Amino acid sequence: MLEIKGINAYYGDLQALWGVSLHVNEGELVALIGPNGAGKTTTLRVITGLMKPASGSVQFQGQPLDRIAAHKIVELGISQVLEGGSVFTGMSVLENLELGAFVANARKVKDQSLKWVYEIFPRLEERKNQRAGTLSGGERQMLAIGRALMSKPKLLMLDEPSFGLAPILVQQMFEMIKEINRHGVTILLVEQNVRAALELASRAFVIENGRIVGQGTGDNLLSFESVRSAYLA
Amino acid sequence: MLQPIAQNLVFGILVGALYGLTAVGLALVFGVTKFLNVAHGELLMLGGYASFWLFSLWHVDPFLSLPLAIAALVVVGAVLYKLLFSRMVKLAEGAKIQNTLLVGFGLGLILQNLALRFWTADTRSITTAYSGAVWTILGVRLPVVRVASMGIAFVLIVALQLFLQRTYTGKALRATVENWEAATLMGIDIQRVYLLSFVMGAALAGVAGALVSVGYSIDPAMGMSWTLKSLVVMVLGGLGSFTGTFIGGLILGVTESATGYFLSLTYKEVVGLVLFLLVLIFRPQGLFGAKEG
C-alpha cells in the first residue's frame with residue numbers, strides 16, 4: 001500500500017535520511033522504531049509531503065506522491081498524527097474533530113465518523129464542548145488520533161502516541177490503536193516505546209542515525225541482541 | 001465645563017472606531033500570515049479614493065458604494081499578494097516579518113507617489129446632502145455620518161468574529177494560526193488561507209478608508225499615519241482577540257482627543273507613540289493579550 005524507496009533527505013546541509021526504504025501492506029500494523037533523533041519523524045514528514053526529499057520515491061497504492069502538495073495528501077487517504085498530538089488548543093474538542101473532516105468526502109460523512117470516534121474514545125464525547133487546551137496529555141493524544149480518523153484514512157501514521165503518557169494510559173492507548181487497525185485502517189506506528197510497539201506490530205523497521213538497520217516481525221526483532229540491549233535495557 | 005469633555009470623549013470614540021477597524025485588518029493579516037504589511041495605511045488611502053471618485057464622477061453615495069470599495073480592495077489585495085507577498089510564505093517567522101516590513105515600506109512609497117501623481121496632493125472629502133446632519137443628545141453633538149461609520153465598523157468586526165467562530169473556513173483560518181502543519185495535514189491549503197486573510201485585511205482597510213473619506217478627509221500621504229496608528233492599536237490591544245483590538249482603537253481615539261483638549265493639538269499625534277512605548281515596557285502582551293508562557 002505504502003512504499004518508500006531510497007529516500008535521502010536533508011535539513012539544510014545536514015543529511016537526515018540515508019537511502020531509507022520501507023513498505024506497509026494493506027491492513028497491517030507496522031512499526032518504525034528507533035532512538036531519539038534517528039529520523040523517524042523525518043520519515044513521516046517526507047511521506048506526507050511536509051518535507052521534500054532530495055531523492056527517492058514515495059508511492060501510495062501505486063501512485064507516486066512526489067508531485068502532490070502536502071494538503072492534498074489527506075484526500076488520498078493518508079492521515080498523520082504529529083508528535084505530541086498537536087491539537088488546536090484554542091478550539092473545542094468537537095471543533096477539532098470537525099476540522100479533521102475538512103476535506104469534502106470526509107465532511108459528507110462527518111456525523112457517522114464522529115459516532116465511530118466517540119465509540120473508540122468515549123472520553124472525547126464527554127468532553128466535546130471543552131476547549132482542547134484544558135485536556136490532559138492522554139486526552140489530547142486521543143483527540144489527535146480521533147481527529148485524524150475523521151478524515152476516513154486508509155493509512156494512519158502515528159508519531160509516538162505514547163509519549164509522555166503514564167504506563168497504564170499507554171496500555172489503553174495501544175488497545176485503542178489495535179482496535180482501529182481491526183476496523184481496517186492500515187497503521188504505521190512510529191515509537192520509542194519499543195517493547196509495546198513490537199508486541200502490537202506485525203512487522204517493524206528499525207531506524208538508527210537516518211538509516212534502516214533492521215526489519216522483521218515483532219517477535220524475531222525482540223530476539224535481536226542489538227534491539228534488546230539498546231532499547232529494552 | 002462638562003460639555004467640552006463629553007464632546008471630546010465622543011469624538012475620540014467615533015474616530016477610535018475607525019482606528020480599531022483598520023487595526024483589526026492589520027491584526028488579521030499579521031495574526032494569520034505573520035506578514036507585517038506596513039503599506040496597510042496606503043490600502044486604506046486607496047479605499048478612500050475609490051469612494052471619493054465613485055462619488056465625484058458618478059454620484060454614488062459613499063455608504064452605498066462600500067461594497068464597491070470592498071471589491072476594489074479585494075482585487076488590489078489579491079494582486080499585491082500574488083505578486084509580492086506569496087513568495088514569502090515559506091520563510092521563517094523572523095525573516096517573514098523583516099522582509100514584509102521592507103516590501104511593505106517600498107510598496108507604501110510607490111502607492112503614495114502614484115496617488116500623488118494621479119490625484120494631486122489636494123486633500124479631498126466627500127460632502128453629501130446629509131453630511132452636516134447632527135444628533136444632539138444631552139448637549140453633546142453626534143455627527144450622523146461618523147456615528148454611522150462607527151456602527152458599520154462595529155458590525156464588520158462582529159461579522160468577522162462570527163466568520164472565524166462559526167464557519168468551516170473561519171475555523172480553518174484559526175487552525176492555521178495555531179499550527180500550520182497540522183492544518184495542512186487536514187487538507188487545509190495554507191496558500192489559500194493566507195490569500196484569504198490578506199484580502200480580508202485589505203478589504204477592512206478599504207472600508208475604513210471609504211468611511212474616512214466621508215466623515216473626515218483623505219490625501220495621498222495619509223497612509224503612514226494610519227499604519228502607525230494601527231500598529232499602536234495592535235500593540236495596545238494585544239494579539240489575543242479582535243474585540244480587544246477594537247477596544248484598543250477606541251482607547252487610542254479617546255486618548256488622542258483628551259490630549260488635544262487638555263494639553264495641546266500638537267501632542268495629539270505623539271500620545272499614540274507614548275502609549276505604544278508604555279505598553280511595551282509595562283504590559284508587552286497588550287491590554288487584552290494573554291501572557292506568554
# chains A, B, ... in the order shown; residues from 1 in each chain; ligands from 1
>>> select_by_dssp(residues="segment 122-278 of chain B", states="strand (DSSP E or B)", output="list in words")
Arg124, Val134, Trp135, Thr136, Ile137, Val140, Arg141, Leu142, Pro143 and Ile218 of chain B
>>> write_last_selection(atoms="C-alpha atoms", output="mmCIF file, in the first residue's frame")
data_model
loop_
_atom_site.group_PDB
_atom_site.id
_atom_site.type_symbol
_atom_site.label_atom_id
_atom_site.label_comp_id
_atom_site.auth_asym_id
_atom_site.auth_seq_id
_atom_site.Cartn_x
_atom_site.Cartn_y
_atom_site.Cartn_z
ATOM 1 C CA ARG B 124 -10.304 65.505 -0.563
ATOM 2 C CA VAL B 134 -26.005 66.109 13.650
ATOM 3 C CA TRP B 135 -27.822 64.445 16.520
ATOM 4 C CA THR B 136 -27.637 66.274 19.775
ATOM 5 C CA ILE B 137 -28.012 64.226 22.947
ATOM 6 C CA VAL B 140 -23.318 66.561 23.020
ATOM 7 C CA ARG B 141 -23.169 66.787 19.239
ATOM 8 C CA LEU B 142 -23.017 63.483 17.335
ATOM 9 C CA PRO B 143 -22.351 63.896 13.614
ATOM 10 C CA ILE B 218 -8.166 61.935 2.615
#
>>> residues_around(residues="Ile187 of chain A", least_positions_apart="6", cutoff="8 Å", atoms="only C-alpha atoms", output="list in words")
Gly27, Glu28, Leu29, Val30, Leu155, Leu156, Met157, Leu158 and Asn181 of chain A
>>> write_last_selection(atoms="N, CA and C atoms", output="compact mmCIF listing (two decimals), in the first residue's frame")
# COMPACT_ATOMS: atom_id res chain seq x y z
N GLY A 27 -3.86 -3.18 5.54
CA GLY A 27 -4.39 -3.88 6.70
C GLY A 27 -3.38 -4.15 7.80
N GLU A 28 -2.09 -3.91 7.52
CA GLU A 28 -1.08 -4.21 8.53
C GLU A 28 -0.99 -3.15 9.61
N LEU A 29 -0.29 -3.53 10.68
CA LEU A 29 0.10 -2.55 11.69
C LEU A 29 1.62 -2.68 11.75
N VAL A 30 2.30 -1.71 11.15
CA VAL A 30 3.76 -1.78 11.05
C VAL A 30 4.38 -0.72 11.94
N LEU A 155 -4.68 4.87 5.46
CA LEU A 155 -3.42 4.68 6.17
C LEU A 155 -3.31 5.74 7.25
N LEU A 156 -3.11 5.29 8.47
CA LEU A 156 -2.97 6.21 9.60
C LEU A 156 -1.54 6.13 10.11
N MET A 157 -0.87 7.28 10.18
CA MET A 157 0.50 7.27 10.66
C MET A 157 0.54 7.97 12.02
N LEU A 158 1.05 7.26 13.00
CA LEU A 158 1.07 7.81 14.36
C LEU A 158 2.49 8.07 14.81
N ASN A 181 -7.00 -0.62 14.04
CA ASN A 181 -6.43 -1.47 13.00
C ASN A 181 -7.39 -2.60 12.63
>>> residues_around(residues="Ser202 of chain A", least_positions_apart="4", cutoff="10 Å", atoms="only C-alpha atoms", output="ChimeraX atom specification")
/A:28-31,197-198,216-219
>>> interface_residues(of="chain B", to="chain A", cutoff="7 Å", atoms="only C-alpha atoms", output="list in words")
Ala175, Glu178, Thr184, Leu185, Met186, Gly187, Ile188 and Asp189 of chain B
>>> write_last_selection(atoms="N, CA and C atoms", output="mmCIF file, in the first residue's frame")
data_model
loop_
_atom_site.group_PDB
_atom_site.id
_atom_site.type_symbol
_atom_site.label_atom_id
_atom_site.label_comp_id
_atom_site.auth_asym_id
_atom_site.auth_seq_id
_atom_site.Cartn_x
_atom_site.Cartn_y
_atom_site.Cartn_z
ATOM 1 N N ALA B 175 -7.183 27.466 12.774
ATOM 2 C CA ALA B 175 -6.322 26.290 12.890
ATOM 3 C C ALA B 175 -4.941 26.583 12.308
ATOM 4 N N GLU B 178 -2.755 28.461 14.671
ATOM 5 C CA GLU B 178 -2.218 27.653 15.773
ATOM 6 C C GLU B 178 -1.113 26.720 15.343
ATOM 7 N N THR B 184 -2.361 21.681 7.527
ATOM 8 C CA THR B 184 -2.070 21.138 6.201
ATOM 9 C C THR B 184 -2.430 19.669 6.142
ATOM 10 N N LEU B 185 -2.105 18.937 7.216
ATOM 11 C CA LEU B 185 -2.367 17.508 7.226
ATOM 12 C C LEU B 185 -3.859 17.204 7.204
ATOM 13 N N MET B 186 -4.663 18.218 7.508
ATOM 14 C CA MET B 186 -6.115 18.022 7.469
ATOM 15 C C MET B 186 -6.704 18.409 6.141
ATOM 16 N N GLY B 187 -5.854 18.822 5.224
ATOM 17 C CA GLY B 187 -6.355 19.171 3.907
ATOM 18 C C GLY B 187 -6.551 20.665 3.705
ATOM 19 N N ILE B 188 -6.110 21.470 4.687
ATOM 20 C CA ILE B 188 -6.275 22.914 4.550
ATOM 21 C C ILE B 188 -5.133 23.469 3.708
ATOM 22 N N ASP B 189 -5.476 24.201 2.660
ATOM 23 C CA ASP B 189 -4.476 24.770 1.770
ATOM 24 C C ASP B 189 -3.975 26.081 2.354
#
>>> residues_around(residues="Leu116 of chain B", least_positions_apart="3", cutoff="12 Å", atoms="only C-alpha atoms", output="PDB file with N, CA and C atoms, in the first residue's frame")
ATOM      1  N   GLU B  42      -1.783  52.620   3.179  1.00  0.00           N
ATOM      2  CA  GLU B  42      -1.975  53.006   1.778  1.00  0.00           C
ATOM      3  C   GLU B  42      -3.190  52.295   1.181  1.00  0.00           C
ATOM      4  N   MET B  45      -5.962  54.354   2.172  1.00  0.00           N
ATOM      5  CA  MET B  45      -5.991  55.535   1.311  1.00  0.00           C
ATOM      6  C   MET B  45      -6.643  55.211  -0.022  1.00  0.00           C
ATOM      7  N   LEU B  46      -6.331  54.043  -0.584  1.00  0.00           N
ATOM      8  CA  LEU B  46      -6.926  53.645  -1.865  1.00  0.00           C
ATOM      9  C   LEU B  46      -8.435  53.467  -1.732  1.00  0.00           C
ATOM     10  N   TYR B  49      -9.978  56.866  -1.749  1.00  0.00           N
ATOM     11  CA  TYR B  49     -10.060  57.454  -3.087  1.00  0.00           C
ATOM     12  C   TYR B  49     -11.080  56.750  -3.966  1.00  0.00           C
ATOM     13  N   LEU B 109       5.498  53.491  -0.356  1.00  0.00           N
ATOM     14  CA  LEU B 109       6.063  54.663  -1.041  1.00  0.00           C
ATOM     15  C   LEU B 109       5.565  54.745  -2.483  1.00  0.00           C
ATOM     16  N   ILE B 110       5.557  53.578  -3.145  1.00  0.00           N
ATOM     17  CA  ILE B 110       5.103  53.548  -4.536  1.00  0.00           C
ATOM     18  C   ILE B 110       3.648  53.989  -4.631  1.00  0.00           C
ATOM     19  N   LEU B 111       2.797  53.405  -3.787  1.00  0.00           N
ATOM     20  CA  LEU B 111       1.373  53.734  -3.845  1.00  0.00           C
ATOM     21  C   LEU B 111       1.135  55.208  -3.523  1.00  0.00           C
ATOM     22  N   GLN B 112       1.846  55.712  -2.537  1.00  0.00           N
ATOM     23  CA  GLN B 112       1.718  57.122  -2.160  1.00  0.00           C
ATOM     24  C   GLN B 112       2.047  58.022  -3.338  1.00  0.00           C
ATOM     25  N   ASN B 113       3.178  57.720  -3.967  1.00  0.00           N
ATOM     26  CA  ASN B 113       3.615  58.591  -5.053  1.00  0.00           C
ATOM     27  C   ASN B 113       2.749  58.465  -6.298  1.00  0.00           C
ATOM     28  N   TRP B 119      -3.631  61.944  -8.564  1.00  0.00           N
ATOM     29  CA  TRP B 119      -4.752  62.627  -7.939  1.00  0.00           C
ATOM     30  C   TRP B 119      -4.384  63.935  -7.255  1.00  0.00           C
ATOM     31  N   THR B 120      -3.166  64.366  -7.385  1.00  0.00           N
ATOM     32  CA  THR B 120      -2.619  65.587  -6.780  1.00  0.00           C
ATOM     33  C   THR B 120      -2.622  65.508  -5.266  1.00  0.00           C
ATOM     34  N   ALA B 121      -1.929  66.465  -4.670  1.00  0.00           N
ATOM     35  CA  ALA B 121      -1.769  66.454  -3.219  1.00  0.00           C
ATOM     36  C   ALA B 121      -2.947  67.057  -2.489  1.00  0.00           C
ATOM     37  N   ASP B 122      -3.951  67.497  -3.255  1.00  0.00           N
ATOM     38  CA  ASP B 122      -5.100  68.141  -2.592  1.00  0.00           C
ATOM     39  C   ASP B 122      -5.795  67.199  -1.621  1.00  0.00           C
ATOM     40  N   THR B 123      -6.178  67.761  -0.483  1.00  0.00           N
ATOM     41  CA  THR B 123      -6.981  66.984   0.465  1.00  0.00           C
ATOM     42  C   THR B 123      -8.392  66.885  -0.076  1.00  0.00           C
ATOM     43  N   ILE B 218      -9.248  62.810   3.065  1.00  0.00           N
ATOM     44  CA  ILE B 218      -8.166  61.935   2.615  1.00  0.00           C
ATOM     45  C   ILE B 218      -7.173  62.710   1.772  1.00  0.00           C
ATOM     46  N   ASP B 219      -5.948  62.203   1.746  1.00  0.00           N
ATOM     47  CA  ASP B 219      -4.918  62.765   0.872  1.00  0.00           C
ATOM     48  C   ASP B 219      -3.879  61.670   0.641  1.00  0.00           C
ATOM     49  N   PRO B 220      -3.037  61.803  -0.386  1.00  0.00           N
ATOM     50  CA  PRO B 220      -2.140  60.688  -0.727  1.00  0.00           C
ATOM     51  C   PRO B 220      -1.164  60.303   0.378  1.00  0.00           C
ATOM     52  N   ALA B 221      -0.847  61.230   1.261  1.00  0.00           N
ATOM     53  CA  ALA B 221       0.167  60.931   2.273  1.00  0.00           C
ATOM     54  C   ALA B 221      -0.403  60.403   3.578  1.00  0.00           C
ATOM     55  N   MET B 222      -1.704  60.165   3.628  1.00  0.00           N
ATOM     56  CA  MET B 222      -2.325  59.804   4.905  1.00  0.00           C
ATOM     57  C   MET B 222      -1.940  58.407   5.380  1.00  0.00           C
TER      58      MET B 222
END
>>> atom_distance(atom1="atom CA of Ser92 of chain A", atom2="atom CA of Asn129 of chain A")
5.4 Å
>>> select_by_dssp(residues="segment 49-225 of chain A", states="helix (DSSP H, G or I)", output="ChimeraX atom specification")
/A:70-76,93-100,104-108,110-120,122-126,132-134,137-149,167-182,194-200,218-222,225
>>> residues_around(residues="Ile70 of chain B", least_positions_apart="6", cutoff="9 Å", atoms="only C-alpha atoms", output="ChimeraX atom specification")
/B:47,200,202-207
>>> residues_around(residues="segment 278-287 of chain B", least_positions_apart="2", cutoff="9 Å", atoms="only C-alpha atoms", output="VMD selection string")
chain B and resid 234 to 240 244 248 273 to 276 289 to 292
>>> atom_distance(atom1="atom CA of Leu94 of chain A", atom2="atom CA of Asn179 of chain B")
17.3 Å
>>> residues_around(residues="Val147 of chain B", least_positions_apart="6", cutoff="10 Å", atoms="only C-alpha atoms", output="list in words")
Val10, Phe11, Ile13, Leu14, Val15, Ala17, Val134, Trp135, Ala153 and Gly215 of chain B
>>> closest_residue(among="B:Phe35, B:Phe118, B:Gly170, B:Tyr216", to="Gly132 of chain B", atoms="only C-alpha atoms")
B:Tyr216
>>> closest_residue(among="B:Leu9, B:Ala115, B:Leu18, B:Leu57", to="Lys229 of chain B", atoms="only C-alpha atoms")
B:Leu18
>>> decode(residues="segment 194-287 of chain B", atoms="C-alpha atoms", output="compact mmCIF listing (two decimals), in the first residue's frame")
# COMPACT_ATOMS: atom_id res chain seq x y z
CA TYR B 194 -3.00 33.28 3.55
CA LEU B 195 -4.52 34.81 0.46
CA LEU B 196 -7.94 34.99 2.10
CA SER B 197 -6.59 36.67 5.22
CA PHE B 198 -4.57 39.18 3.23
CA VAL B 199 -7.52 40.06 1.05
CA MET B 200 -9.86 40.36 4.02
CA GLY B 201 -7.36 42.63 5.76
CA ALA B 202 -7.16 44.80 2.66
CA ALA B 203 -10.95 44.94 2.41
CA LEU B 204 -11.26 46.10 6.02
CA ALA B 205 -8.69 48.82 5.35
CA GLY B 206 -10.64 49.80 2.25
CA VAL B 207 -13.88 50.16 4.16
CA ALA B 208 -12.15 52.22 6.82
CA GLY B 209 -10.73 54.45 4.09
CA ALA B 210 -14.11 54.91 2.48
CA LEU B 211 -15.60 55.88 5.84
CA VAL B 212 -12.73 58.30 6.46
CA SER B 213 -13.33 59.98 3.12
CA VAL B 214 -16.89 60.86 4.01
CA GLY B 215 -16.51 61.59 7.71
CA TYR B 216 -13.10 63.23 7.65
CA SER B 217 -10.75 63.74 4.71
CA ILE B 218 -8.17 61.93 2.62
CA ASP B 219 -4.92 62.76 0.87
CA PRO B 220 -2.14 60.69 -0.73
CA ALA B 221 0.17 60.93 2.27
CA MET B 222 -2.32 59.80 4.90
CA GLY B 223 -1.29 56.16 4.78
CA MET B 224 1.77 56.28 7.02
CA SER B 225 0.00 57.87 9.93
CA TRP B 226 -2.84 55.34 9.75
CA THR B 227 -0.35 52.47 9.57
CA LEU B 228 1.38 53.79 12.67
CA LYS B 229 -1.91 54.13 14.50
CA SER B 230 -2.82 50.57 13.52
CA LEU B 231 0.47 49.31 14.91
CA VAL B 232 -0.07 51.24 18.14
CA VAL B 233 -3.58 49.85 18.46
CA MET B 234 -2.41 46.31 17.73
CA VAL B 235 0.18 46.55 20.49
CA LEU B 236 -2.30 48.25 22.80
CA GLY B 237 -5.00 45.66 22.31
CA GLY B 238 -2.73 42.66 22.23
CA LEU B 239 -2.96 39.92 19.67
CA GLY B 240 -5.48 37.87 21.62
CA SER B 241 -8.77 38.95 20.16
CA PHE B 242 -10.17 41.37 17.64
CA THR B 243 -12.58 42.74 20.19
CA GLY B 244 -9.54 43.70 22.23
CA THR B 245 -8.01 45.35 19.18
CA PHE B 246 -11.20 47.30 18.54
CA ILE B 247 -11.30 48.50 22.13
CA GLY B 248 -7.65 49.43 21.76
CA GLY B 249 -8.70 51.62 18.86
CA LEU B 250 -11.32 53.33 20.99
CA ILE B 251 -8.77 53.90 23.72
CA LEU B 252 -6.34 55.49 21.29
CA GLY B 253 -9.07 57.69 19.87
CA VAL B 254 -10.13 58.90 23.29
CA THR B 255 -6.55 59.42 24.48
CA GLU B 256 -5.72 61.48 21.41
CA SER B 257 -8.82 63.58 21.85
CA ALA B 258 -8.18 64.14 25.53
CA THR B 259 -4.55 65.07 24.87
CA GLY B 260 -5.64 67.51 22.21
CA TYR B 261 -8.06 69.11 24.64
CA PHE B 262 -6.07 69.10 27.86
CA LEU B 263 -2.56 69.57 26.53
CA SER B 264 -2.41 70.84 23.00
CA LEU B 265 -3.17 69.71 19.49
CA THR B 266 0.49 69.30 18.69
CA TYR B 267 0.78 66.47 21.18
CA LYS B 268 -2.20 64.58 19.77
CA GLU B 269 -0.15 62.63 17.29
CA VAL B 270 2.64 61.94 19.75
CA VAL B 271 0.49 60.49 22.52
CA GLY B 272 -0.15 57.37 20.48
CA LEU B 273 3.56 56.65 20.30
CA VAL B 274 3.96 57.36 24.01
CA LEU B 275 1.19 54.84 24.74
CA PHE B 276 2.98 52.40 22.45
CA LEU B 277 6.20 52.68 24.46
CA LEU B 278 4.40 52.46 27.80
CA VAL B 279 2.54 49.30 26.79
CA LEU B 280 5.70 47.67 25.51
CA ILE B 281 7.51 48.47 28.74
CA PHE B 282 4.83 47.64 31.29
CA ARG B 283 2.49 45.20 29.60
CA PRO B 284 4.02 43.88 26.39
CA GLN B 285 1.25 41.38 25.77
CA GLY B 286 -1.15 44.28 25.35
CA LEU B 287 -4.16 45.14 27.47
